[in-house]
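Novice: File name run32.cif; file contents mmCIF, C-alpha atoms and all ligand atoms; full text below.
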data_final
#
loop_
_atom_site.label_atom_id
_atom_site.label_comp_id
_atom_site.auth_asym_id
_atom_site.auth_seq_id
_atom_site.Cartn_x
_atom_site.Cartn_y
_atom_site.Cartn_z
CA MET A 432 7.60 8.44 68.20
CA LEU A 433 6.56 11.00 65.57
CA SER A 434 7.63 13.92 67.78
CA GLY A 435 11.00 12.17 68.39
CA ILE A 436 11.61 11.88 64.64
CA LYS A 437 10.58 15.53 64.22
CA PHE A 438 13.01 16.59 66.97
CA VAL A 439 15.96 14.68 65.45
CA PHE A 440 15.11 15.97 61.98
CA GLN A 441 14.98 19.59 63.29
CA ARG A 442 18.36 19.12 65.07
CA ILE A 443 20.02 17.83 61.89
CA LEU A 444 18.68 20.72 59.84
CA ARG A 445 19.67 23.25 62.53
CA SER A 446 23.27 21.91 62.46
CA ILE A 447 23.46 23.02 58.82
CA GLY A 448 21.84 26.42 59.50
CA ILE A 449 18.22 25.63 58.65
CA ASP A 450 15.29 26.08 61.04
CA ALA A 451 12.29 23.97 60.14
CA TYR A 452 8.88 24.25 61.79
CA LEU A 453 5.48 22.92 60.90
CA ARG A 454 3.57 25.82 59.40
CA LYS A 455 1.06 27.33 61.81
CA THR A 456 -1.50 29.82 60.49
CA GLY A 457 -1.07 33.34 61.83
CA TYR A 458 2.62 33.07 62.75
CA HIS A 459 5.81 34.26 61.09
CA TYR A 460 9.48 34.60 61.89
CA VAL A 461 10.61 37.38 64.31
CA TRP A 462 13.65 38.14 66.52
CA ASP A 463 14.29 35.46 69.11
CA TYR A 464 14.46 37.93 71.98
CA TYR A 465 10.76 37.17 72.24
CA GLY A 466 10.60 34.47 74.90
CA LYS A 467 9.67 30.88 74.12
CA SER A 468 6.24 31.47 75.59
CA ALA A 469 5.44 34.32 73.18
CA HIS A 470 3.26 31.94 71.18
CA LYS A 471 0.95 31.67 74.18
CA GLN A 472 -0.17 35.28 73.84
CA ARG A 473 -3.73 35.66 72.67
CA ASP A 474 -4.20 36.77 69.07
CA VAL A 475 -5.16 40.46 69.19
CA ARG A 476 -6.70 40.16 65.74
CA LYS A 477 -9.49 38.18 67.40
CA GLN A 478 -10.42 41.19 69.55
CA PRO A 479 -13.71 42.20 67.90
CA VAL A 480 -13.36 45.98 67.28
CA PHE A 481 -9.59 46.02 66.81
CA GLY A 482 -9.51 42.94 64.57
CA GLU A 483 -12.22 44.25 62.27
CA LEU A 484 -10.92 47.83 61.88
CA ALA A 485 -7.21 46.99 61.66
CA GLY A 486 -7.96 44.10 59.28
CA ALA A 487 -9.76 46.50 56.93
CA VAL A 488 -6.73 48.81 56.47
CA VAL A 489 -4.18 45.98 56.42
CA ASP A 490 -6.20 44.19 53.74
CA ASN A 491 -6.55 47.22 51.47
CA LYS A 492 -2.79 47.94 51.81
CA ARG A 493 -3.22 51.66 52.51
CA SER A 494 -1.37 51.60 55.84
CA SER A 495 2.35 50.94 56.29
CA LEU A 496 1.56 49.84 59.84
CA TYR A 497 0.79 46.21 60.58
CA TYR A 498 -1.37 44.81 63.39
CA ASP A 499 1.32 45.22 66.06
CA ARG A 500 1.77 48.97 65.62
CA LEU A 501 -1.93 49.58 64.94
CA TYR A 502 -2.60 47.87 68.27
CA THR A 503 -0.57 50.53 70.09
CA ILE A 504 -2.77 53.20 68.52
CA TYR A 505 -5.87 51.23 69.47
CA GLN A 506 -4.77 51.16 73.10
CA ILE A 507 -4.00 54.90 73.15
CA LEU A 508 -7.42 55.81 71.74
CA GLU A 509 -9.19 53.44 74.10
CA SER A 510 -7.34 54.99 77.01
CA LEU A 511 -8.13 58.54 75.84
CA GLY A 512 -11.77 57.50 75.70
CA PHE A 513 -11.64 56.36 79.33
CA SER A 514 -9.86 59.48 80.58
CA ALA A 515 -11.78 62.12 78.58
CA GLN A 516 -14.45 63.98 80.49
CA LYS A 517 -17.87 63.18 79.07
CA GLY A 518 -18.44 65.36 75.99
CA ASP A 519 -14.81 66.58 75.76
CA GLU A 520 -13.47 66.75 72.22
CA ILE A 521 -10.37 64.62 71.61
CA LYS A 522 -7.94 66.45 69.31
CA MET A 523 -5.60 64.30 67.23
CA VAL A 524 -2.93 64.96 64.60
CA GLU A 525 -1.03 62.73 62.25
CA VAL A 526 2.00 63.93 60.32
CA GLY A 527 3.14 61.66 57.48
CA ILE A 528 -0.04 59.87 56.35
CA TYR A 529 1.06 58.63 52.89
CA LYS A 530 -1.97 56.70 51.52
CA GLY A 531 -4.15 57.47 54.53
CA GLY A 532 -4.70 53.94 55.85
CA THR A 533 -3.65 54.71 59.41
CA SER A 534 -5.79 57.88 59.40
CA TYR A 535 -8.75 55.76 58.31
CA PHE A 536 -8.05 53.36 61.17
CA ILE A 537 -7.82 56.21 63.72
CA ALA A 538 -11.03 57.87 62.51
CA SER A 539 -13.04 54.66 62.27
CA LEU A 540 -11.84 53.61 65.72
CA ALA A 541 -12.67 57.01 67.25
CA GLU A 542 -16.18 56.73 65.82
CA ARG A 543 -16.62 53.14 66.98
CA LEU A 544 -15.50 54.13 70.49
CA GLY A 545 -18.05 56.93 70.43
CA LEU A 546 -15.44 59.69 70.87
CA ARG A 547 -16.14 63.29 69.97
CA TYR A 548 -12.98 64.07 68.00
CA SER A 549 -11.13 66.10 65.39
CA HIS A 550 -8.31 64.54 63.41
CA TYR A 551 -5.87 66.74 61.43
CA CYS A 552 -3.74 64.92 58.83
CA PHE A 553 -0.65 66.29 57.07
CA ASP A 554 1.55 65.09 54.24
CA THR A 555 3.41 66.56 51.29
CA PHE A 556 1.75 63.84 49.15
CA GLU A 557 4.90 64.21 47.04
CA GLY A 558 7.13 62.16 49.33
CA HIS A 559 10.19 63.51 51.14
CA LYS A 560 11.27 67.00 50.11
CA ALA A 561 14.92 67.56 49.19
CA GLU A 562 15.25 70.36 51.78
CA ASP A 563 14.19 67.91 54.55
CA ILE A 564 16.88 65.35 53.80
CA ASN A 565 19.76 65.84 56.19
CA LYS A 566 22.56 64.02 54.42
CA SER A 567 24.63 63.68 57.58
CA VAL A 568 21.81 61.67 59.20
CA GLU A 569 19.71 59.92 56.57
CA THR A 570 21.04 56.76 54.97
CA ASP A 571 18.11 55.15 53.13
CA HIS A 572 15.80 58.13 52.58
CA THR A 573 15.94 60.23 49.43
CA SER A 574 13.75 63.02 48.09
CA GLY A 575 10.59 61.79 46.37
CA LEU A 576 10.37 58.56 48.38
CA PHE A 577 6.64 57.86 49.14
CA SER A 578 5.42 60.01 46.24
CA ASP A 579 3.14 57.25 44.88
CA THR A 580 0.07 58.81 46.49
CA SER A 581 -1.94 61.99 46.01
CA PHE A 582 -3.82 64.55 48.08
CA GLU A 583 -6.97 64.03 45.98
CA SER A 584 -7.09 60.24 46.37
CA VAL A 585 -6.44 60.39 50.11
CA GLN A 586 -8.99 63.14 50.64
CA GLN A 587 -11.56 61.08 48.77
CA TYR A 588 -10.69 57.95 50.76
CA LEU A 589 -11.18 59.84 54.06
CA GLN A 590 -14.13 62.01 53.05
CA LYS A 591 -16.70 59.86 54.85
CA PHE A 592 -15.23 61.08 58.15
CA LYS A 593 -16.60 64.57 58.73
CA SER A 594 -14.15 65.22 61.60
CA VAL A 595 -11.03 64.51 59.53
CA GLN A 596 -9.18 67.30 57.73
CA VAL A 597 -6.34 66.69 55.30
CA TYR A 598 -3.60 69.26 54.56
CA LYS A 599 -1.09 69.11 51.72
CA GLY A 600 2.45 70.43 52.11
CA ARG A 601 5.48 70.21 54.40
CA PHE A 602 4.32 70.23 58.00
CA GLN A 603 6.77 73.06 58.68
CA ASP A 604 4.83 75.18 56.14
CA ARG A 605 1.28 74.07 57.06
CA CYS A 606 1.38 73.81 60.86
CA ASP A 607 -0.18 77.27 61.23
CA ALA A 608 -3.52 75.56 60.60
CA LEU A 609 -3.22 74.19 64.15
CA LYS A 610 -2.24 77.33 65.98
CA ASP A 611 -4.03 77.91 69.32
CA MET A 612 -5.09 74.24 69.60
CA ARG A 613 -4.10 71.68 72.23
CA PHE A 614 -3.82 67.98 71.51
CA ASN A 615 -4.53 64.62 73.12
CA PHE A 616 -2.82 62.42 70.55
CA VAL A 617 -0.12 63.09 67.94
CA HIS A 618 1.22 60.41 65.59
CA LEU A 619 4.51 61.27 63.86
CA ASP A 620 5.56 59.06 60.96
CA MET A 621 7.85 61.00 58.60
CA ASP A 622 10.84 58.65 58.85
CA ILE A 623 13.41 61.48 58.74
CA TYR A 624 15.08 63.80 61.25
CA ASP A 625 14.45 67.42 60.20
CA PRO A 626 10.62 67.53 60.05
CA THR A 627 10.39 65.14 63.01
CA ILE A 628 12.41 67.29 65.41
CA PHE A 629 10.49 70.32 64.12
CA ALA A 630 7.16 68.58 64.88
CA LEU A 631 8.28 67.45 68.35
CA ASP A 632 9.25 71.02 69.23
CA TYR A 633 6.01 72.34 67.73
CA PHE A 634 3.73 70.00 69.69
CA ASP A 635 5.63 70.15 72.98
CA SER A 636 3.79 73.22 74.29
CA ARG A 637 0.52 72.12 72.68
CA MET A 638 0.00 68.76 74.39
CA VAL A 639 -2.58 68.44 77.17
CA LYS A 640 -1.52 66.71 80.40
CA GLY A 641 -1.70 62.96 79.75
CA GLY A 642 -1.57 63.57 75.98
CA ALA A 643 0.42 61.04 73.93
CA ILE A 644 2.95 61.54 71.14
CA LEU A 645 3.60 58.29 69.30
CA MET A 646 6.68 58.11 67.09
CA ASP A 647 6.92 55.51 64.35
CA ASP A 648 10.12 53.79 63.18
CA TYR A 649 12.03 54.24 66.43
CA GLY A 650 15.00 51.87 66.54
CA PHE A 651 14.76 50.97 62.85
CA ASN A 652 18.17 50.78 61.16
CA SER A 653 16.59 52.48 58.15
CA CYS A 654 15.48 55.54 60.17
CA PRO A 655 18.40 56.79 62.31
CA GLY A 656 16.88 60.29 62.27
CA ILE A 657 13.96 59.20 64.44
CA GLU A 658 16.20 57.84 67.18
CA LYS A 659 18.30 61.02 67.02
CA ALA A 660 15.20 63.24 67.31
CA VAL A 661 13.77 61.20 70.20
CA HIS A 662 17.05 61.28 72.13
CA GLU A 663 17.55 65.01 71.64
CA PHE A 664 13.97 65.72 72.69
CA THR A 665 14.26 63.45 75.74
CA GLU A 666 17.47 65.16 76.89
CA THR A 667 15.90 68.60 76.85
CA HIS A 668 12.35 67.78 78.01
CA THR A 669 11.90 66.22 81.43
CA ASP A 670 8.13 66.64 81.56
CA TYR A 671 7.40 63.47 79.59
CA PHE A 672 7.19 59.80 80.42
CA GLY A 673 8.96 58.10 77.51
CA MET A 674 9.01 54.47 76.49
CA ALA A 675 10.50 52.53 73.57
CA LEU A 676 8.20 49.74 72.39
CA LEU A 677 9.33 46.51 70.77
CA THR A 678 6.96 47.28 67.90
CA GLY A 679 9.40 49.93 66.59
CA GLN A 680 7.51 52.84 68.16
CA TYR A 681 8.37 55.34 70.90
CA LEU A 682 5.68 56.69 73.18
CA PHE A 683 5.85 60.04 74.99
CA VAL A 684 3.18 60.91 77.54
CA LYS A 685 3.02 64.51 78.77
CA LEU A 686 3.20 64.64 82.58
C1 LIG A 701 6.37 56.15 56.01
S1 LIG A 701 5.37 57.28 55.20
C2 LIG A 701 3.99 57.40 56.28
C3 LIG A 701 3.19 56.12 56.41
C4 LIG A 701 1.85 56.30 57.05
N1 LIG A 701 1.94 56.86 58.38
C5 LIG A 701 1.11 55.02 57.13
O1 LIG A 701 0.74 54.61 58.24
O2 LIG A 701 0.88 54.38 56.10
C6 LIG A 701 6.22 58.80 55.49
C7 LIG A 701 5.45 60.00 54.97
O3 LIG A 701 5.99 61.20 55.52
C8 LIG A 701 5.76 62.23 54.58
N2 LIG A 701 6.60 63.39 54.87
C9 LIG A 701 7.95 63.48 54.80
N3 LIG A 701 8.37 64.73 55.12
C10 LIG A 701 7.26 65.44 55.43
C11 LIG A 701 7.05 66.79 55.85
N4 LIG A 701 8.05 67.66 56.01
N5 LIG A 701 5.78 67.19 56.08
C12 LIG A 701 4.73 66.33 55.90
N6 LIG A 701 4.88 65.04 55.51
C13 LIG A 701 6.12 64.59 55.27
C14 LIG A 701 6.08 61.54 53.25
O4 LIG A 701 5.52 62.26 52.18
C15 LIG A 701 5.48 60.15 53.47
O5 LIG A 701 4.18 60.04 52.92
#
Render the structure in this file as structure tokens.
Ligand SMILES: C[S@@+](CC[C@H](N)C(=O)[O-])C[C@H]1O[C@@H](n2cnc3c(N)ncnc32)[C@H](O)[C@@H]1O

Specialist:
Amino acid sequence: MLSGIKFVFQRILRSIGIDAYLRKTGYHYVWDYYGKSAHKQRDVRKQPVFGELAGAVVDNKRSSLYYDRLYTIYQILESLGFSAQKGDEIKMVEVGIYKGGTSYFIASLAERLGLRYSHYCFDTFEGHKAEDINKSVETDHTSGLFSDTSFESVQQYLQKFKSVQVYKGRFQDRCDALKDMRFNFVHLDMDIYDPTIFALDYFDSRMVKGGAILMDDYGFNSCPGIEKAVHEFTETHTDYFGMALLTGQYLFVKL
């Protein structure tokens, strides 16, 4: 009886353009290309290690990534841990770290998984630079966006991780710090075309076989430069397995 009333009530509201659902903790509104059974998926936040470490950076608001995109990173690191030879050092890079929350997640996860690792983190810490804004591509991104952070505060936040190094400046100007290294995992999150295509070209010859490059903001209307960079890179590089994820990320795996 009650469910019948609820159904009729929902139909009436829907006819005037309003969707009404009983509030359920842990859910919110997303695109309806997720199937009706999406709610049956288990809650990844209840996974002990992931839930605890992702929850810490989501709660302190230092990461722009939410649980869904952090979960992709979790899976990549877990997989690197399985495939690494015992004792091998896992080399990781992040370009575009802003307030450092995602770097904290990566480092704390690597330590919890018992990986021997180095993690190199780059940002201007002054937001986008005018010379990186390609006006024919960027729509929403202007110079100075993301400047509400600082090298000093991020370095202090990450200082407990002895295997993390933070570099200040445009990646194009600081990448020499990485010369002669090869990488297992690269996370690119600069939102704009010019430094992103530069970084893809830079890392191409420096990825180990099976190494992963994870791009953030792929398919976001606000970041057309990322889609452009991914497509250009894909057209000219056939030695990668590439996959767009519904989280708004794009994953390249070096073959
Ligand atoms: C969306 S934010 C990164 C968010 C961060 N990954 C997180 O998880 O919270 C984009 C960052 O890219 C940085 N950035 C833009 N151009 C850059 C460049 N040429 N070199 C290094 N960092 C750059 C900006 O300063 C900004 O902090």

Novice: Using all atoms listed in the file, determine which residues lie at most 12 Å from segment 464-472 of chain A, disregarding the query and same-chain residues fewer than 5 positions distant; provide the list as a PyMOL selection string.

Specialist: chain A and resi 455-459+477+677-678

Novice: Which chain A residues have any atom within 8 Å of an atom of ligand LIG 701 (chain A), and for each, what is the nearest pair of atoms with distance in Å to one decimal, counting all atoms listed in the file, rows sorted by chain and number, as JSON lines?

Specialist:
{"residue": "A:Arg493", "atom": "CA", "partner": "A:LIG701", "partner_atom": "O2", "distance": 6.1}
{"residue": "A:Ser494", "atom": "CA", "partner": "A:LIG701", "partner_atom": "O2", "distance": 3.6}
{"residue": "A:Ser495", "atom": "CA", "partner": "A:LIG701", "partner_atom": "O2", "distance": 3.7}
{"residue": "A:Leu496", "atom": "CA", "partner": "A:LIG701", "partner_atom": "O1", "distance": 5.1}
{"residue": "A:Glu525", "atom": "CA", "partner": "A:LIG701", "partner_atom": "N1", "distance": 7.6}
{"residue": "A:Val526", "atom": "CA", "partner": "A:LIG701", "partner_atom": "N6", "distance": 5.7}
{"residue": "A:Gly527", "atom": "CA", "partner": "A:LIG701", "partner_atom": "O3", "distance": 3.5}
{"residue": "A:Ile528", "atom": "CA", "partner": "A:LIG701", "partner_atom": "C4", "distance": 4.1}
{"residue": "A:Tyr529", "atom": "CA", "partner": "A:LIG701", "partner_atom": "O5", "distance": 3.4}
{"residue": "A:Lys530", "atom": "CA", "partner": "A:LIG701", "partner_atom": "O2", "distance": 5.9}
{"residue": "A:Gly531", "atom": "CA", "partner": "A:LIG701", "partner_atom": "O2", "distance": 6.1}
{"residue": "A:Gly532", "atom": "CA", "partner": "A:LIG701", "partner_atom": "O2", "distance": 5.6}
{"residue": "A:Thr533", "atom": "CA", "partner": "A:LIG701", "partner_atom": "O1", "distance": 4.5}
{"residue": "A:Ser534", "atom": "CA", "partner": "A:LIG701", "partner_atom": "O1", "distance": 7.4}
{"residue": "A:Phe553", "atom": "CA", "partner": "A:LIG701", "partner_atom": "C12", "distance": 5.5}
{"residue": "A:Asp554", "atom": "CA", "partner": "A:LIG701", "partner_atom": "N6", "distance": 3.6}
{"residue": "A:Thr555", "atom": "CA", "partner": "A:LIG701", "partner_atom": "N6", "distance": 4.7}
{"residue": "A:Phe556", "atom": "CA", "partner": "A:LIG701", "partner_atom": "O4", "distance": 5.1}
{"residue": "A:Glu557", "atom": "CA", "partner": "A:LIG701", "partner_atom": "O4", "distance": 5.5}
{"residue": "A:Gly558", "atom": "CA", "partner": "A:LIG701", "partner_atom": "O4", "distance": 3.3}
{"residue": "A:His559", "atom": "CA", "partner": "A:LIG701", "partner_atom": "C9", "distance": 4.3}
{"residue": "A:Lys560", "atom": "CA", "partner": "A:LIG701", "partner_atom": "N3", "distance": 6.2}
{"residue": "A:Asp563", "atom": "CA", "partner": "A:LIG701", "partner_atom": "N4", "distance": 6.3}
{"residue": "A:Gly575", "atom": "CA", "partner": "A:LIG701", "partner_atom": "O4", "distance": 7.7}
{"residue": "A:Leu576", "atom": "CA", "partner": "A:LIG701", "partner_atom": "C14", "distance": 7.1}
{"residue": "A:Phe577", "atom": "CA", "partner": "A:LIG701", "partner_atom": "O5", "distance": 5.0}
{"residue": "A:Ser578", "atom": "CA", "partner": "A:LIG701", "partner_atom": "O4", "distance": 6.4}
{"residue": "A:Thr580", "atom": "CA", "partner": "A:LIG701", "partner_atom": "O5", "distance": 7.7}
{"residue": "A:Lys599", "atom": "CA", "partner": "A:LIG701", "partner_atom": "C12", "distance": 7.7}
{"residue": "A:Gly600", "atom": "CA", "partner": "A:LIG701", "partner_atom": "C12", "distance": 6.0}
{"residue": "A:Arg601", "atom": "CA", "partner": "A:LIG701", "partner_atom": "N5", "distance": 3.5}
{"residue": "A:Phe602", "atom": "CA", "partner": "A:LIG701", "partner_atom": "N5", "distance": 3.9}
{"residue": "A:Gln603", "atom": "CA", "partner": "A:LIG701", "partner_atom": "N4", "distance": 6.2}
{"residue": "A:Leu619", "atom": "CA", "partner": "A:LIG701", "partner_atom": "N1", "distance": 7.5}
{"residue": "A:Asp620", "atom": "CA", "partner": "A:LIG701", "partner_atom": "N1", "distance": 5.0}
{"residue": "A:Met621", "atom": "CA", "partner": "A:LIG701", "partner_atom": "O3", "distance": 3.6}
{"residue": "A:Asp622", "atom": "CA", "partner": "A:LIG701", "partner_atom": "C6", "distance": 5.7}
{"residue": "A:Ile623", "atom": "CA", "partner": "A:LIG701", "partner_atom": "N3", "distance": 7.0}
{"residue": "A:Asp625", "atom": "CA", "partner": "A:LIG701", "partner_atom": "N4", "distance": 7.7}
{"residue": "A:Pro626", "atom": "CA", "partner": "A:LIG701", "partner_atom": "N4", "distance": 4.8}
{"residue": "A:Thr627", "atom": "CA", "partner": "A:LIG701", "partner_atom": "N4", "distance": 7.8}
{"residue": "A:Asp647", "atom": "CA", "partner": "A:LIG701", "partner_atom": "N1", "distance": 7.9}

Novice: Could you check the closest approach to Gly650 of chain A for each of A:Thr669, A:Gln680, A:Leu546, A:Glu663 and tell me which residue wins, using all atoms listed in the file?

Specialist: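 Checking each candidate against Gly650 of chain A, we get A:Gln680 as the closest.
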
Novice: Quick one, how far is atom CA of Ala660 of chain A from atom CA of Leu631 of chain A?

Specialist: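 Taking atom CA of Ala660 of chain A as the start and atom CA of Leu631 of chain A as the end point, the length is 8.2 Å.
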
Novice: Which of these residues is nearest to Arg637 of chain A, using all atoms listed in the file: A:Leu540, A:Cys654, A:Val524, A:Val595?

Specialist: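 Ranking A:Leu540, A:Cys654, A:Val524, A:Val595 by distance to Arg637 of chain A, first place goes to A:Val524.
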
Novice: Counting only C-alpha atoms, figure out which residue out of A:Phe651, A:Phe582, A:Tyr551, A:Tyr588 gets nearest to Asp607 of chain A.

Specialist: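 Using only C-alpha atoms, the shortest distance to Asp607 of chain A belongs to A:Tyr551.
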
Novice: Which residues are close to Ala538 of chain A, i.e. within 9 Å by all atoms listed in the file, leaving aside same-chain residues fewer than 2 positions away? Reply as a list in words.

Specialist: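 Skipping anything fewer than 2 positions along the chain leaves Thr533, Ser534, Tyr535, Phe536, Leu540, Ala541, Glu542, Arg543, Tyr548, Ser549, His550, Leu589, Phe592, Ser594 and Val595 of chain A.
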
Novice: Can you spit out the residues from that selection as a CSV table (one decimal), in the coordinates of the input, using C-alpha atoms?

Specialist:
chain,number,residue,atom,x,y,z
A,533,THR,CA,-3.6,54.7,59.4
A,534,SER,CA,-5.8,57.9,59.4
A,535,TYR,CA,-8.8,55.8,58.3
A,536,PHE,CA,-8.0,53.4,61.2
A,540,LEU,CA,-11.8,53.6,65.7
A,541,ALA,CA,-12.7,57.0,67.2
A,542,GLU,CA,-16.2,56.7,65.8
A,543,ARG,CA,-16.6,53.1,67.0
A,548,TYR,CA,-13.0,64.1,68.0
A,549,SER,CA,-11.1,66.1,65.4
A,550,HIS,CA,-8.3,64.5,63.4
A,589,LEU,CA,-11.2,59.8,54.1
A,592,PHE,CA,-15.2,61.1,58.2
A,594,SER,CA,-14.2,65.2,61.6
A,595,VAL,CA,-11.0,64.5,59.5

Novice: For the atom pair atom CA of Asp519 of chain A and atom CA of Gln590 of chain A, what is the interatomic distance in Å to one decimal place?

Specialist: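 One can read the atom CA of Asp519 of chain A to atom CA of Gln590 of chain A distance as 23.2 Å.
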
Novice: At what distance in Å, to one decimal, does atom CA of Asp648 of chain A lie from atom CA of Gln478 of chain A?

Specialist: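 According to the coordinates, atom CA of Gln478 of chain A and atom CA of Asp648 of chain A are separated by 24.9 Å.
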
Novice: I want to know what sits within 10 Å of Asp670 of chain A, based on all atoms listed in the file, with residues of the same chain fewer than 5 positions away left out; could you give that as JSON, numbers by chain?

Specialist: {"A": [635, 640, 665, 683, 684, 685, 686]}

Novice: Near Asn565 of chain A, counting only C-alpha atoms, which residues have an atom at most 10 Å away, once you skip same-chain residues fewer than 4 positions from it, shown as a PyMOL selection string?

Specialist: chain A and resi 561+569-570+572-573+623-625+656

Novice: Can you take the partial segment 485-500 of chain A, add N, CA and C atoms, and return it as a PDB file, in the frame of the given file?

Specialist:
ATOM      1  N   ALA A 485      -8.599  47.100  62.113  1.00  0.00           N
ATOM      2  CA  ALA A 485      -7.210  46.990  61.660  1.00  0.00           C
ATOM      3  C   ALA A 485      -7.157  46.099  60.411  1.00  0.00           C
ATOM      4  N   GLY A 486      -7.939  45.023  60.420  1.00  0.00           N
ATOM      5  CA  GLY A 486      -7.960  44.100  59.280  1.00  0.00           C
ATOM      6  C   GLY A 486      -8.360  44.834  58.001  1.00  0.00           C
ATOM      7  N   ALA A 487      -9.282  45.782  58.126  1.00  0.00           N
ATOM      8  CA  ALA A 487      -9.760  46.500  56.930  1.00  0.00           C
ATOM      9  C   ALA A 487      -8.624  47.297  56.292  1.00  0.00           C
ATOM     10  N   VAL A 488      -7.792  47.995  57.087  1.00  0.00           N
ATOM     11  CA  VAL A 488      -6.730  48.810  56.470  1.00  0.00           C
ATOM     12  C   VAL A 488      -5.509  47.970  56.086  1.00  0.00           C
ATOM     13  N   VAL A 489      -5.285  46.874  56.814  1.00  0.00           N
ATOM     14  CA  VAL A 489      -4.180  45.980  56.420  1.00  0.00           C
ATOM     15  C   VAL A 489      -4.540  45.326  55.080  1.00  0.00           C
ATOM     16  N   ASP A 490      -5.782  44.890  54.968  1.00  0.00           N
ATOM     17  CA  ASP A 490      -6.200  44.190  53.740  1.00  0.00           C
ATOM     18  C   ASP A 490      -6.170  45.103  52.507  1.00  0.00           C
ATOM     19  N   ASN A 491      -6.540  46.385  52.678  1.00  0.00           N
ATOM     20  CA  ASN A 491      -6.550  47.220  51.470  1.00  0.00           C
ATOM     21  C   ASN A 491      -5.193  47.898  51.204  1.00  0.00           C
ATOM     22  N   LYS A 492      -4.191  47.535  52.039  1.00  0.00           N
ATOM     23  CA  LYS A 492      -2.790  47.940  51.810  1.00  0.00           C
ATOM     24  C   LYS A 492      -2.584  49.451  51.780  1.00  0.00           C
ATOM     25  N   ARG A 493      -3.411  50.200  52.504  1.00  0.00           N
ATOM     26  CA  ARG A 493      -3.220  51.660  52.510  1.00  0.00           C
ATOM     27  C   ARG A 493      -2.451  52.116  53.725  1.00  0.00           C
ATOM     28  N   SER A 494      -2.154  51.210  54.655  1.00  0.00           N
ATOM     29  CA  SER A 494      -1.370  51.600  55.840  1.00  0.00           C
ATOM     30  C   SER A 494      -0.033  50.880  55.797  1.00  0.00           C
ATOM     31  N   SER A 495       1.044  51.604  56.188  1.00  0.00           N
ATOM     32  CA  SER A 495       2.350  50.940  56.290  1.00  0.00           C
ATOM     33  C   SER A 495       2.462  50.248  57.643  1.00  0.00           C
ATOM     34  N   LEU A 496       1.505  50.474  58.519  1.00  0.00           N
ATOM     35  CA  LEU A 496       1.560  49.840  59.840  1.00  0.00           C
ATOM     36  C   LEU A 496       0.846  48.494  59.785  1.00  0.00           C
ATOM     37  N   TYR A 497       1.423  47.530  60.514  1.00  0.00           N
ATOM     38  CA  TYR A 497       0.790  46.210  60.580  1.00  0.00           C
ATOM     39  C   TYR A 497       0.048  46.123  61.916  1.00  0.00           C
ATOM     40  N   TYR A 498      -0.536  44.953  62.194  1.00  0.00           N
ATOM     41  CA  TYR A 498      -1.370  44.810  63.390  1.00  0.00           C
ATOM     42  C   TYR A 498      -0.662  45.249  64.678  1.00  0.00           C
ATOM     43  N   ASP A 499       0.637  44.932  64.803  1.00  0.00           N
ATOM     44  CA  ASP A 499       1.320  45.220  66.060  1.00  0.00           C
ATOM     45  C   ASP A 499       1.333  46.720  66.365  1.00  0.00           C
ATOM     46  N   ARG A 500       1.686  47.529  65.362  1.00  0.00           N
ATOM     47  CA  ARG A 500       1.770  48.970  65.620  1.00  0.00           C
ATOM     48  C   ARG A 500       0.373  49.612  65.646  1.00  0.00           C
TER      49      ARG A 500
END
